[in-house]
$ cat model.txt   # compact mmCIF, C-alpha atoms
# COMPACT_ATOMS: atom_id res chain seq x y z
CA MET A 116 -12.78 -25.08 -13.76
CA ARG A 117 -10.81 -23.71 -10.82
CA LYS A 118 -9.50 -26.50 -8.66
CA LYS A 119 -10.51 -26.54 -5.06
CA THR A 120 -7.92 -24.70 -3.00
CA GLU A 121 -5.79 -26.97 -0.88
CA ARG A 122 -3.41 -26.09 1.90
CA LYS A 123 -0.58 -28.33 3.03
CA LEU A 124 1.56 -27.44 5.96
CA ALA A 125 5.12 -28.70 6.26
CA VAL A 126 7.92 -28.58 8.79
CA GLY A 127 9.55 -25.18 9.24
CA ALA A 128 6.43 -23.22 8.30
CA VAL A 129 6.87 -24.00 4.62
CA ALA A 130 3.48 -24.32 2.99
CA VAL A 131 2.29 -25.23 -0.47
CA VAL A 132 -1.00 -23.83 -1.69
CA ALA A 133 -2.51 -24.97 -4.97
CA ALA A 134 -4.71 -22.16 -6.21
CA VAL A 135 -5.93 -20.71 -9.47
CA PRO A 136 -3.74 -21.37 -12.52
CA THR A 137 -0.41 -21.87 -10.80
CA ALA A 138 1.00 -23.46 -7.69
CA LEU A 139 1.92 -21.22 -4.80
CA VAL A 140 5.05 -22.17 -2.94
CA LEU A 141 5.63 -20.52 0.40
CA VAL A 142 9.36 -20.55 1.02
CA PRO A 143 11.62 -18.56 3.35
CA TRP A 144 13.54 -15.58 2.07
CA ASP A 145 17.19 -16.40 1.45
CA GLY A 146 18.66 -13.10 2.65
CA SER A 147 19.90 -12.03 -0.79
CA GLY A 148 18.34 -8.59 -0.44
CA GLY A 149 20.56 -7.55 2.47
CA LYS A 150 20.37 -7.60 6.23
CA GLN A 151 17.15 -5.63 6.29
CA PRO A 152 14.70 -6.36 3.48
CA ALA A 153 11.87 -4.33 2.11
CA ALA A 154 8.34 -4.44 3.35
CA GLY A 155 5.22 -4.32 1.34
CA THR A 156 1.60 -5.11 0.95
CA ALA A 157 -0.03 -8.47 1.01
CA PRO A 158 -3.72 -7.67 0.47
CA LEU A 159 -4.55 -10.31 3.05
CA GLY A 160 -3.50 -10.14 6.64
CA VAL A 161 -4.50 -9.75 10.20
CA GLN A 162 -5.15 -6.06 10.77
CA ALA A 163 -6.23 -6.14 14.38
CA ASP A 164 -7.10 -3.06 16.37
CA PHE A 165 -4.70 -2.98 19.32
CA SER A 166 -6.09 -0.91 22.17
CA SER A 167 -2.62 -0.19 23.53
CA ALA A 168 -0.33 0.37 20.59
CA PRO A 169 3.38 -0.13 21.19
CA LYS A 170 5.80 2.73 21.53
CA PRO A 171 8.61 3.09 19.00
CA VAL A 172 11.49 0.79 19.74
CA LYS A 173 15.11 1.12 18.86
CA GLN A 174 16.06 -1.60 16.44
CA THR A 175 19.35 -3.42 16.70
CA PRO A 176 21.10 -4.67 13.56
CA LEU A 177 20.25 -8.23 12.66
CA ALA A 178 22.63 -10.86 11.43
CA PRO A 179 22.17 -11.91 7.79
CA ALA A 180 19.49 -14.53 7.34
CA PRO A 181 20.91 -18.02 6.83
CA ALA A 182 20.90 -19.38 3.32
CA GLN A 183 18.01 -21.67 2.49
CA ASP A 184 17.75 -24.66 0.23
CA ARG A 185 15.46 -22.72 -2.08
CA THR A 186 16.50 -19.36 -3.48
CA SER A 187 13.98 -16.78 -4.57
CA LYS A 188 15.23 -14.80 -7.54
CA LEU A 189 13.57 -12.05 -9.49
CA PRO A 190 12.31 -13.68 -12.70
CA ASP A 191 13.12 -12.32 -16.11
CA ILE A 192 10.19 -10.34 -17.45
CA GLN A 193 9.53 -11.05 -21.10
CA PRO A 194 6.09 -9.67 -21.92
CA THR A 195 4.71 -10.53 -25.30
CA THR A 196 3.25 -7.06 -25.68
CA ALA A 197 4.34 -3.62 -24.58
CA ALA A 198 3.59 -2.89 -20.95
CA PRO A 199 0.79 -0.36 -20.42
CA SER A 200 1.84 3.15 -19.52
CA PRO A 201 0.76 4.72 -16.22
CA THR A 202 -2.86 5.76 -16.06
CA GLN A 203 -3.35 9.43 -16.82
CA VAL A 204 -6.36 11.37 -15.58
CA PRO A 205 -8.23 13.02 -18.49
CA THR A 206 -7.82 16.78 -18.74
CA SER A 207 -11.54 17.21 -19.31
CA PRO A 208 -14.56 15.26 -18.06
CA PRO A 209 -15.66 12.47 -20.44
CA PRO A 210 -19.08 13.11 -22.01
CA GLY A 211 -21.93 11.94 -19.84
CA ASN A 212 -19.61 10.64 -17.12
CA GLY A 213 -19.29 13.60 -14.80
CA GLY A 214 -19.52 13.15 -11.06
CA GLY A 215 -22.68 15.27 -10.75
CA THR A 216 -23.32 18.24 -8.52
CA GLY A 217 -20.89 18.66 -5.65
CA LEU A 218 -20.79 20.95 -2.66
CA LYS A 219 -21.25 24.61 -3.48
CA GLY A 220 -17.92 26.34 -3.90
CA TRP A 221 -15.95 23.08 -4.10
CA ALA A 222 -13.98 22.46 -7.29
CA ALA A 223 -14.31 19.18 -9.19
CA SER A 224 -11.43 17.04 -10.40
CA SER A 225 -10.42 17.06 -14.05
CA ASP A 226 -12.58 14.04 -14.85
CA GLY A 227 -15.62 15.32 -12.98
CA ALA A 228 -15.26 13.73 -9.54
CA VAL A 229 -16.90 15.92 -6.90
CA VAL A 230 -17.18 16.16 -3.13
CA THR A 231 -20.83 15.70 -2.22
CA ALA A 232 -20.44 15.92 1.57
CA ALA A 233 -17.82 16.99 4.10
CA LYS A 234 -18.31 15.78 7.67
CA TRP A 235 -16.00 17.31 10.26
CA SER A 236 -15.05 15.54 13.49
CA GLY A 237 -13.52 18.28 15.61
CA LYS A 238 -11.18 20.86 14.12
CA TYR A 239 -8.68 18.60 12.43
CA GLN A 240 -10.49 15.68 10.77
CA VAL A 241 -12.91 15.70 7.87
CA ASP A 242 -14.48 12.83 5.93
CA LEU A 243 -15.18 13.64 2.30
CA SER A 244 -17.80 11.79 0.27
CA VAL A 245 -16.42 11.66 -3.27
CA LYS A 246 -18.66 10.84 -6.21
CA SER A 247 -16.16 9.20 -8.52
CA PRO A 248 -16.45 8.52 -12.26
CA ALA A 249 -13.35 6.31 -11.95
CA LEU A 250 -15.15 4.00 -9.52
CA GLY A 251 -18.72 4.52 -10.64
CA ALA A 252 -19.55 4.97 -6.96
CA THR A 253 -19.28 7.34 -4.03
CA ARG A 254 -16.40 6.59 -1.65
CA THR A 255 -15.05 8.26 1.48
CA VAL A 256 -11.70 9.94 2.02
CA ARG A 257 -10.54 10.90 5.52
CA VAL A 258 -8.32 13.98 5.74
CA LEU A 259 -6.36 15.37 8.69
CA VAL A 260 -5.53 19.07 8.61
CA PRO A 261 -2.93 20.81 10.81
CA PRO A 262 -3.52 23.42 13.53
CA GLY A 263 -3.95 26.83 11.94
CA TRP A 264 -5.55 25.42 8.79
CA LYS A 265 -8.27 27.72 7.44
CA ALA A 266 -10.68 27.07 4.61
CA LYS A 267 -10.14 30.52 3.08
CA SER A 268 -6.37 30.53 3.47
CA LYS A 269 -4.12 30.64 0.43
CA LEU A 270 -1.43 28.57 2.15
CA THR A 271 -0.70 25.06 0.95
CA TYR A 272 0.71 22.27 3.08
CA PRO A 273 3.09 19.34 2.52
CA THR A 274 0.90 16.28 2.12
CA LEU A 275 1.16 12.66 3.21
CA TYR A 276 -1.01 9.95 1.68
CA ALA A 277 -1.57 6.88 3.90
CA LEU A 278 -3.02 3.75 2.29
CA HIS A 279 -4.73 0.94 4.17
CA GLY A 280 -4.54 -2.82 3.61
CA GLY A 281 -7.00 -5.33 2.20
CA ASN A 282 -10.21 -6.16 4.04
CA ASP A 283 -10.11 -2.72 5.67
CA THR A 284 -11.27 0.84 5.04
CA TYR A 285 -10.28 4.50 5.12
CA VAL A 286 -10.71 4.59 8.92
CA SER A 287 -7.92 2.08 9.57
CA TRP A 288 -5.01 4.47 10.16
CA THR A 289 -6.86 6.60 12.71
CA ARG A 290 -8.42 3.51 14.29
CA SER A 291 -5.27 1.41 14.66
CA THR A 292 -2.54 4.02 15.12
CA ASP A 293 -2.10 7.43 16.72
CA ILE A 294 -1.44 9.09 13.36
CA ALA A 295 -3.93 11.87 14.15
CA THR A 296 -2.07 12.83 17.31
CA VAL A 297 1.30 12.61 15.60
CA ALA A 298 0.19 14.60 12.55
CA ARG A 299 -1.12 17.50 14.67
CA GLN A 300 2.45 18.22 15.74
CA TRP A 301 3.43 19.03 12.14
CA ASN A 302 2.24 21.43 9.46
CA THR A 303 1.15 18.62 7.19
CA ILE A 304 -2.07 17.36 5.68
CA VAL A 305 -2.69 13.59 5.81
CA VAL A 306 -4.98 12.00 3.22
CA MET A 307 -6.40 8.52 3.90
CA PRO A 308 -8.56 7.43 0.95
CA GLU A 309 -10.84 4.42 0.71
CA GLY A 310 -9.14 1.57 -1.11
CA ALA A 311 -11.67 -1.20 -0.39
CA ASN A 312 -10.21 -4.43 -1.79
CA GLY A 313 -9.27 -2.84 -5.09
CA SER A 314 -5.58 -3.78 -4.97
CA TYR A 315 -4.57 -0.21 -5.84
CA THR A 316 -4.88 -0.59 -9.60
CA ASP A 317 -7.21 0.20 -12.46
CA TRP A 318 -8.76 -3.22 -12.97
CA TYR A 319 -7.86 -5.16 -16.08
CA ASN A 320 -11.29 -6.75 -16.57
CA GLY A 321 -10.16 -9.07 -19.33
CA GLY A 322 -8.38 -6.24 -21.12
CA ARG A 323 -11.55 -4.15 -21.35
CA GLY A 324 -10.66 -1.79 -18.53
CA GLY A 325 -13.53 0.14 -16.97
CA THR A 326 -14.50 0.44 -13.32
CA PRO A 327 -13.18 0.19 -10.74
CA ARG A 328 -10.17 2.37 -11.53
CA TRP A 329 -8.56 2.71 -8.12
CA GLU A 330 -5.27 4.13 -9.35
CA THR A 331 -7.12 6.86 -11.21
CA PHE A 332 -9.26 7.54 -8.15
CA HIS A 333 -6.25 7.92 -5.84
CA THR A 334 -3.59 9.55 -8.00
CA GLY A 335 -5.98 11.66 -10.04
CA GLU A 336 -9.36 12.39 -8.50
CA VAL A 337 -8.52 12.38 -4.78
CA ARG A 338 -5.24 14.18 -5.31
CA GLU A 339 -6.86 16.96 -7.33
CA LEU A 340 -9.81 17.34 -4.97
CA VAL A 341 -7.68 17.81 -1.85
CA GLU A 342 -5.30 20.12 -3.69
CA ARG A 343 -8.07 22.25 -5.16
CA ASN A 344 -10.24 22.41 -2.04
CA LEU A 345 -8.27 21.68 1.14
CA HIS A 346 -4.91 23.36 0.44
CA ALA A 347 -2.96 20.13 0.04
CA GLY A 348 0.35 20.92 -1.58
CA THR A 349 2.21 19.34 -4.46
CA THR A 350 5.09 18.16 -2.27
CA ARG A 351 3.91 14.69 -1.35
CA ALA A 352 4.90 11.49 0.44
CA ILE A 353 3.06 8.18 0.49
CA ILE A 354 3.05 5.31 2.98
CA GLY A 355 1.08 2.10 3.19
CA ILE A 356 0.62 -1.17 5.02
CA SER A 357 0.03 -4.58 3.45
CA SER A 358 -1.67 -4.11 0.05
CA GLY A 359 -1.51 -0.37 0.66
CA ALA A 360 2.27 -0.65 0.85
CA GLN A 361 2.32 -2.29 -2.55
CA GLY A 362 0.07 0.50 -3.76
CA ALA A 363 2.31 3.19 -2.30
CA VAL A 364 5.46 1.97 -4.04
CA THR A 365 3.62 1.11 -7.25
CA TYR A 366 2.07 4.58 -7.46
CA ALA A 367 5.44 6.21 -6.86
CA ALA A 368 6.97 4.14 -9.67
CA ARG A 369 4.12 4.56 -12.14
CA HIS A 370 3.96 8.32 -11.55
CA PRO A 371 7.62 9.40 -11.25
CA GLY A 372 8.01 12.68 -9.40
CA MET A 373 4.56 12.62 -7.83
CA PHE A 374 5.94 11.52 -4.45
CA LYS A 375 9.19 12.53 -2.75
CA TYR A 376 9.06 9.58 -0.37
CA ALA A 377 7.42 6.14 -0.38
CA ALA A 378 7.32 3.74 2.56
CA SER A 379 6.18 0.14 2.52
CA TYR A 380 5.32 -1.60 5.77
CA SER A 381 4.84 -5.35 5.16
CA GLY A 382 3.84 -5.54 1.53
CA VAL A 383 4.42 -7.62 -1.59
CA LEU A 384 6.87 -5.54 -3.63
CA SER A 385 7.83 -8.20 -6.17
CA MET A 386 4.61 -9.42 -7.73
CA LEU A 387 6.34 -11.75 -10.20
CA SER A 388 8.57 -13.63 -7.79
CA PRO A 389 7.98 -17.41 -7.83
CA GLY A 390 4.63 -18.27 -6.29
CA ILE A 391 3.63 -14.67 -5.59
CA PRO A 392 1.10 -14.31 -8.46
CA ALA A 393 -0.79 -17.33 -7.10
CA LEU A 394 -0.62 -15.89 -3.58
CA LEU A 395 -2.06 -12.57 -4.73
CA MET A 396 -4.90 -14.23 -6.61
CA TYR A 397 -5.57 -16.68 -3.79
CA ILE A 398 -6.02 -13.93 -1.25
CA ASN A 399 -8.23 -11.97 -3.66
CA MET A 400 -10.63 -14.91 -4.03
CA ARG A 401 -13.60 -13.42 -2.22
CA PRO A 402 -17.34 -13.56 -2.89
CA GLY A 403 -18.30 -11.51 -5.92
CA THR A 404 -14.72 -11.05 -7.13
CA ASN A 405 -12.88 -12.89 -9.87
CA PRO A 406 -9.19 -12.35 -9.05
CA MET A 407 -8.39 -12.49 -12.78
CA ASP A 408 -10.27 -9.19 -13.18
CA ILE A 409 -7.70 -7.27 -11.14
CA TRP A 410 -4.44 -7.64 -13.12
CA GLY A 411 -5.48 -10.37 -15.52
CA ASP A 412 -4.03 -13.85 -15.86
CA PRO A 413 -0.38 -13.74 -14.67
CA TRP A 414 0.76 -15.51 -17.83
CA SER A 415 -1.39 -14.27 -20.71
CA ALA A 416 -1.56 -10.75 -19.20
CA ARG A 417 2.01 -10.81 -17.92
CA ALA A 418 2.73 -7.40 -19.43
CA ASN A 419 0.01 -5.87 -17.28
CA TRP A 420 1.40 -7.55 -14.16
CA ALA A 421 4.86 -6.25 -15.02
CA ALA A 422 3.44 -2.76 -15.52
CA HIS A 423 2.23 -2.79 -11.89
CA ASP A 424 5.11 -4.66 -10.27
CA PRO A 425 7.37 -2.49 -8.06
CA ALA A 426 10.40 -4.71 -8.64
CA THR A 427 10.01 -4.52 -12.42
CA LEU A 428 9.46 -0.74 -12.28
CA VAL A 429 12.24 -0.08 -9.78
CA LYS A 430 14.31 2.11 -12.13
CA LYS A 431 11.41 4.58 -12.22
CA LEU A 432 11.89 5.08 -8.47
CA ARG A 433 15.17 6.93 -8.85
CA GLY A 434 14.86 10.22 -7.03
CA THR A 435 12.19 8.90 -4.65
CA LYS A 436 13.34 8.12 -1.11
CA LEU A 437 12.32 4.57 -0.27
CA PHE A 438 11.77 2.75 3.00
CA VAL A 439 10.86 -0.93 3.17
CA SER A 440 10.25 -3.05 6.27
CA SER A 441 8.91 -6.45 7.22
CA GLY A 442 8.90 -9.11 9.89
CA ASN A 443 9.91 -12.67 9.17
CA GLY A 444 6.66 -14.42 10.01
CA SER A 445 7.64 -15.88 13.37
CA GLN A 446 6.23 -15.00 16.77
CA GLY A 447 7.32 -11.52 17.79
CA PRO A 448 6.96 -9.25 20.81
CA PHE A 449 3.49 -7.96 19.85
CA ASP A 450 1.89 -11.28 18.91
CA LYS A 451 -0.68 -12.83 21.19
CA PRO A 452 0.49 -16.05 22.86
CA GLY A 453 -0.93 -19.28 21.55
CA LYS A 454 -1.05 -18.49 17.83
CA GLN A 455 -0.03 -21.52 15.79
CA PRO A 456 2.98 -21.31 13.41
CA TRP A 457 0.62 -21.76 10.46
CA ASP A 458 -1.54 -18.78 11.43
CA ILE A 459 -2.15 -16.72 8.28
CA SER A 460 -0.58 -13.65 9.88
CA TYR A 461 2.69 -15.60 10.15
CA LEU A 462 2.53 -17.32 6.76
CA SER A 463 1.62 -14.15 4.87
CA GLU A 464 4.40 -12.13 6.54
CA SER A 465 7.00 -14.74 5.63
CA GLN A 466 6.07 -14.30 1.96
CA VAL A 467 5.97 -10.52 2.30
CA LEU A 468 9.55 -10.76 3.52
CA ARG A 469 10.57 -12.91 0.56
CA ALA A 470 8.98 -10.60 -2.02
CA SER A 471 10.37 -7.54 -0.24
CA GLY A 472 13.83 -9.06 -0.30
CA ASP A 473 13.50 -9.62 -4.05
CA PHE A 474 12.54 -5.97 -4.47
CA VAL A 475 15.62 -4.87 -2.52
CA THR A 476 17.79 -7.12 -4.70
CA ALA A 477 16.30 -5.58 -7.84
CA ALA A 478 16.81 -2.07 -6.45
CA LYS A 479 20.46 -2.77 -5.67
CA LYS A 480 21.02 -4.06 -9.21
CA ALA A 481 19.40 -0.91 -10.58
CA GLY A 482 21.40 1.38 -8.31
CA VAL A 483 18.29 2.65 -6.51
CA PRO A 484 18.89 3.34 -2.79
CA VAL A 485 16.47 1.75 -0.32
CA THR A 486 16.43 2.18 3.44
CA THR A 487 15.32 -1.11 4.96
CA ASP A 488 14.28 -2.50 8.30
CA PHE A 489 14.09 -6.25 8.40
CA TYR A 490 13.24 -6.43 12.07
CA GLY A 491 13.03 -10.19 12.48
CA PRO A 492 10.26 -11.87 14.52
CA GLY A 493 6.86 -10.40 13.80
CA SER A 494 3.58 -11.17 12.07
CA HIS A 495 1.32 -9.30 9.67
CA ASN A 496 -0.50 -6.84 11.92
CA TRP A 497 -0.88 -3.24 13.03
CA ALA A 498 1.22 -3.48 16.19
CA TYR A 499 4.39 -3.68 14.09
CA TRP A 500 3.23 -1.17 11.49
CA LYS A 501 2.60 1.48 14.12
CA VAL A 502 6.20 1.11 15.30
CA GLU A 503 7.41 1.50 11.70
CA MET A 504 5.25 4.60 11.24
CA HIS A 505 6.81 6.24 14.29
CA LYS A 506 10.27 5.20 13.23
CA THR A 507 9.98 6.72 9.76
CA TRP A 508 7.81 9.75 10.53
CA PRO A 509 10.62 12.31 10.99
CA GLU A 510 12.22 11.27 7.70
CA VAL A 511 8.85 11.37 5.91
CA MET A 512 8.25 14.90 7.18
CA ALA A 513 11.76 16.00 6.24
CA SER A 514 11.32 14.66 2.71
CA ILE A 515 8.34 16.93 2.06
CA GLY A 516 9.61 19.91 4.03
CA ALA A 517 7.04 19.68 6.81
CA LYS A 518 7.91 21.60 10.00
CA LYS A 519 7.21 20.60 13.57
CA LEU A 520 4.79 22.97 15.29
$ encode --input "model.txt" --output "structure tokens"
Amino acid sequence: MRKKTERKLAVGAVAVVAAVPTALVLVPWDGSGGKQPAAGTAPLGVQADFSSAPKPVKQTPLAPAPAQDRTSKLPDIQPTTAAPSPTQVPTSPPPGNGGGTGLKGWAASSDGAVVTAAKWSGKYQVDLSVKSPALGATRTVRVLVPPGWKAKSKLTYPTLYALHGGNDTYVSWTRSTDIATVARQWNTIVVMPEGANGSYTDWYNGGRGGTPRWETFHTGEVRELVERNLHAGTTRAIIGISSGAQGAVTYAARHPGMFKYAASYSGVLSMLSPGIPALLMYINMRPGTNPMDIWGDPWSARANWAAHDPATLVKKLRGTKLFVSSGNGSQGPFDKPGKQPWDISYLSESQVLRASGDFVTAAKKAGVPVTTDFYGPGSHNWAYWKVEMHKTWPEVMASIGAKKL
């Protein structure tokens, strides 16, 4: 029987959470990953809609973080069985599992996913309803197309995939940032798929597999549908916030060569760092969901965790340009006054920082370059992620050969 979750708050914003099969220890990052650590994707976090989003700010170099009494090190991975290989989309639809009839003239994906509706909002934004065999459901994908895009054109466009965080939806990027305005200045397509609370993986389900298969949906079905029907090109970049950041870097590692660039804004990029498995399962404890179904038990299914852990897979990221950023979980310039130090947006960001730092350490050991922005004070919310989006946008566009209009 799962023990009742307990939270204990200690001096210095160090918290201990007893949850699921292992104890979660929230400790500060020790600075071993460099002056500016990587950012990632905690599936939980405050993702507020700021009516007046901040303008990009010029960051000044930060001094190295002071050493702490506790040091977070990347654990040795010793799976008892071979780690699963990346999910591959079938080349033909499985019998009896096709997506059904889609829009006339629209091509299906290789496994039978189809677009059943396309709702345009103006000239540059369309929401696609995708009937997905991988999910066993119909989900929505929002797509931004550039000026000059034409349905009957034979041109293809460099493509950016933008993943949202947990407890959010496909509308989050256009709701909480000005990505639509920014994207219209470039000849790029932006794809923002639904991720629900699927943690950007094909669920383990006790080793049985089956739905939902979010990785298959995103890297297979959605990718093929936008490439076959909306002129999305095969030169791709991927960015994400919170759990979407973890998904972005994980997808880039599990599908080498699929993405030229991957950016993580405040995400957990070392899933096997001390205490992080318990954190991930704790924040995925929601009604109707057994967190064990997502990646499995972190001990008995350790191989599956390792097969989806960016830090473990870091060598597969060679050749992909990487950007990682995070705040440190203290009050920053875009936080509302009066929030307590133990606010979840602060506590979660402090652990994002720690796991991101471990990822940077692993990348350095593997000789994989990472551009980092450890910007100091800041919590887990959209105000900071919008700044990071603006900061990295020119480099993202350059990586996929997108031109400014």
$ atom_distance --input "model.txt" --atom1 "CA of Arg299 in chain A" --atom2 "CA of Val245 in chain A"
24.3 Å
$ residues_around --input "model.txt" --residues "Ser236 in chain A" --least-positions-apart "6" --cutoff "12 Å" --atoms "only C-alpha atoms" --output "ChimeraX atom specification"
/A:242-243,257-260,295
$ atom_distance --input "model.txt" --atom1 "CA of Glu309 in chain A" --atom2 "CA of Ser463 in chain A"
22.7 Å
$ residues_around --input "model.txt" --residues "Gly348 in chain A" --least-positions-apart "5" --cutoff "6 Å" --atoms "only C-alpha atoms" --output "ChimeraX atom specification"
/A:271-274
$ closest_residue --input "model.txt" --among "A:Met512, A:Val337, A:Ala352, A:Val502" --to "Ala249 in chain A" --atoms "only C-alpha atoms"
A:Val337
$ atom_distance --input "model.txt" --atom1 "CA of Pro392 in chain A" --atom2 "CA of Trp420 in chain A"
8.8 Å
$ residues_around --input "model.txt" --residues "Lys436 in chain A" --least-positions-apart "2" --cutoff "9 Å" --atoms "all atoms listed in the file" --output "list in words"
Phe374, Lys375, Tyr376, Ala377, Ala378, Leu432, Arg433, Gly434, Phe438, Pro484, Val485, Thr486, Val511 and Ser514 of chain A
$ closest_residue --input "model.txt" --among "A:Lys451, A:Arg323, A:Lys234, A:His279" --to "Pro308 in chain A" --atoms "all atoms listed in the file"
A:His279
$ closest_residue --input "model.txt" --among "A:Gly372, A:Gly493, A:Gly263, A:Gly310" --to "Ser465 in chain A" --atoms "all atoms listed in the file"
A:Gly493
$ closest_residue --input "model.txt" --among "A:Ser381, A:Gln446, A:Thr255, A:Ser247" --to "Ala233 in chain A" --atoms "only C-alpha atoms"
A:Thr255
$ closest_residue --input "model.txt" --among "A:Ile459, A:Ala311, A:Val306, A:Leu437" --to "Tyr380 in chain A" --atoms "all atoms listed in the file"
A:Leu437
$ closest_residue --input "model.txt" --among "A:Ser471, A:Gly321, A:Lys265, A:Ala363" --to "Ser415 in chain A" --atoms "only C-alpha atoms"
A:Gly321
$ residues_around --input "model.txt" --residues "Ser244 in chain A" --least-positions-apart "5" --cutoff "7 Å" --atoms "only C-alpha atoms" --output "JSON, numbers by chain"
{"A": [230, 231, 232, 233, 253, 254, 255, 256]}
$ residues_around --input "model.txt" --residues "Ser287 in chain A" --least-positions-apart "5" --cutoff "12 Å" --atoms "only C-alpha atoms" --output "list in words"
Gln162, Ala163, Asp164, Phe165, Val256, Arg257, Ala277, Leu278, His279, Gly280, Gly281, Asn282, Thr292, Asp293, Ile294, Ala295, Met307, Pro308, Glu309, Gly310, Ala311, Gly355, Ile356, Gly359, Asn496, Trp497, Trp500 and Lys501 of chain A
$ write_last_selection --input "model.txt" --atoms "C-alpha atoms" --output "CSV table (one decimal), in the coordinates of the input"
chain,number,residue,atom,x,y,z
A,162,GLN,CA,-5.2,-6.1,10.8
A,163,ALA,CA,-6.2,-6.1,14.4
A,164,ASP,CA,-7.1,-3.1,16.4
A,165,PHE,CA,-4.7,-3.0,19.3
A,256,VAL,CA,-11.7,9.9,2.0
A,257,ARG,CA,-10.5,10.9,5.5
A,277,ALA,CA,-1.6,6.9,3.9
A,278,LEU,CA,-3.0,3.8,2.3
A,279,HIS,CA,-4.7,0.9,4.2
A,280,GLY,CA,-4.5,-2.8,3.6
A,281,GLY,CA,-7.0,-5.3,2.2
A,282,ASN,CA,-10.2,-6.2,4.0
A,292,THR,CA,-2.5,4.0,15.1
A,293,ASP,CA,-2.1,7.4,16.7
A,294,ILE,CA,-1.4,9.1,13.4
A,295,ALA,CA,-3.9,11.9,14.2
A,307,MET,CA,-6.4,8.5,3.9
A,308,PRO,CA,-8.6,7.4,1.0
A,309,GLU,CA,-10.8,4.4,0.7
A,310,GLY,CA,-9.1,1.6,-1.1
A,311,ALA,CA,-11.7,-1.2,-0.4
A,355,GLY,CA,1.1,2.1,3.2
A,356,ILE,CA,0.6,-1.2,5.0
A,359,GLY,CA,-1.5,-0.4,0.7
A,496,ASN,CA,-0.5,-6.8,11.9
A,497,TRP,CA,-0.9,-3.2,13.0
A,500,TRP,CA,3.2,-1.2,11.5
A,501,LYS,CA,2.6,1.5,14.1
$ decode --input "model.txt" --residues "range 409-413 of chain A" --atoms "all heavy atoms" --output "PDB file, in the first residue's frame"
ATOM      1  N   ILE A 409       3.715   4.848 -16.285  1.00  0.00           N
ATOM      2  CA  ILE A 409       4.388   5.698 -17.261  1.00  0.00           C
ATOM      3  C   ILE A 409       5.725   5.116 -17.693  1.00  0.00           C
ATOM      4  O   ILE A 409       5.933   4.766 -18.858  1.00  0.00           O
ATOM      5  CB  ILE A 409       4.550   7.120 -16.696  1.00  0.00           C
ATOM      6  CG1 ILE A 409       3.168   7.707 -16.386  1.00  0.00           C
ATOM      7  CG2 ILE A 409       5.284   8.008 -17.699  1.00  0.00           C
ATOM      8  CD1 ILE A 409       3.199   9.061 -15.701  1.00  0.00           C
ATOM      9  N   TRP A 410       6.672   5.003 -16.742  1.00  0.00           N
ATOM     10  CA  TRP A 410       7.979   4.406 -17.059  1.00  0.00           C
ATOM     11  C   TRP A 410       8.205   3.085 -16.338  1.00  0.00           C
ATOM     12  O   TRP A 410       9.205   2.422 -16.539  1.00  0.00           O
ATOM     13  CB  TRP A 410       9.109   5.360 -16.673  1.00  0.00           C
ATOM     14  CG  TRP A 410       9.127   6.635 -17.433  1.00  0.00           C
ATOM     15  CD1 TRP A 410       9.461   6.816 -18.760  1.00  0.00           C
ATOM     16  CD2 TRP A 410       8.804   7.944 -16.941  1.00  0.00           C
ATOM     17  NE1 TRP A 410       9.357   8.139 -19.107  1.00  0.00           N
ATOM     18  CE2 TRP A 410       8.955   8.855 -18.008  1.00  0.00           C
ATOM     19  CE3 TRP A 410       8.409   8.439 -15.699  1.00  0.00           C
ATOM     20  CZ2 TRP A 410       8.726  10.226 -17.868  1.00  0.00           C
ATOM     21  CZ3 TRP A 410       8.167   9.796 -15.557  1.00  0.00           C
ATOM     22  CH2 TRP A 410       8.321  10.672 -16.637  1.00  0.00           C
ATOM     23  N   GLY A 411       7.283   2.712 -15.467  1.00  0.00           N
ATOM     24  CA  GLY A 411       7.468   1.531 -14.647  1.00  0.00           C
ATOM     25  C   GLY A 411       8.079   1.892 -13.309  1.00  0.00           C
ATOM     26  O   GLY A 411       8.350   3.053 -13.016  1.00  0.00           O
ATOM     27  N   ASP A 412       8.304   0.887 -12.483  1.00  0.00           N
ATOM     28  CA  ASP A 412       8.971   1.093 -11.201  1.00  0.00           C
ATOM     29  C   ASP A 412      10.429   1.494 -11.456  1.00  0.00           C
ATOM     30  O   ASP A 412      11.104   0.880 -12.289  1.00  0.00           O
ATOM     31  CB  ASP A 412       8.931  -0.194 -10.382  1.00  0.00           C
ATOM     32  CG  ASP A 412       9.567  -0.028  -9.017  1.00  0.00           C
ATOM     33  OD1 ASP A 412      10.812  -0.179  -8.938  1.00  0.00           O
ATOM     34  OD2 ASP A 412       8.855   0.277  -8.053  1.00  0.00           O
ATOM     35  N   PRO A 413      10.928   2.546 -10.786  1.00  0.00           N
ATOM     36  CA  PRO A 413      12.290   3.014 -11.084  1.00  0.00           C
ATOM     37  C   PRO A 413      13.383   2.017 -10.733  1.00  0.00           C
ATOM     38  O   PRO A 413      14.531   2.194 -11.146  1.00  0.00           O
ATOM     39  CB  PRO A 413      12.424   4.292 -10.246  1.00  0.00           C
ATOM     40  CG  PRO A 413      11.396   4.163  -9.175  1.00  0.00           C
ATOM     41  CD  PRO A 413      10.272   3.391  -9.778  1.00  0.00           C
TER      42      PRO A 413
END
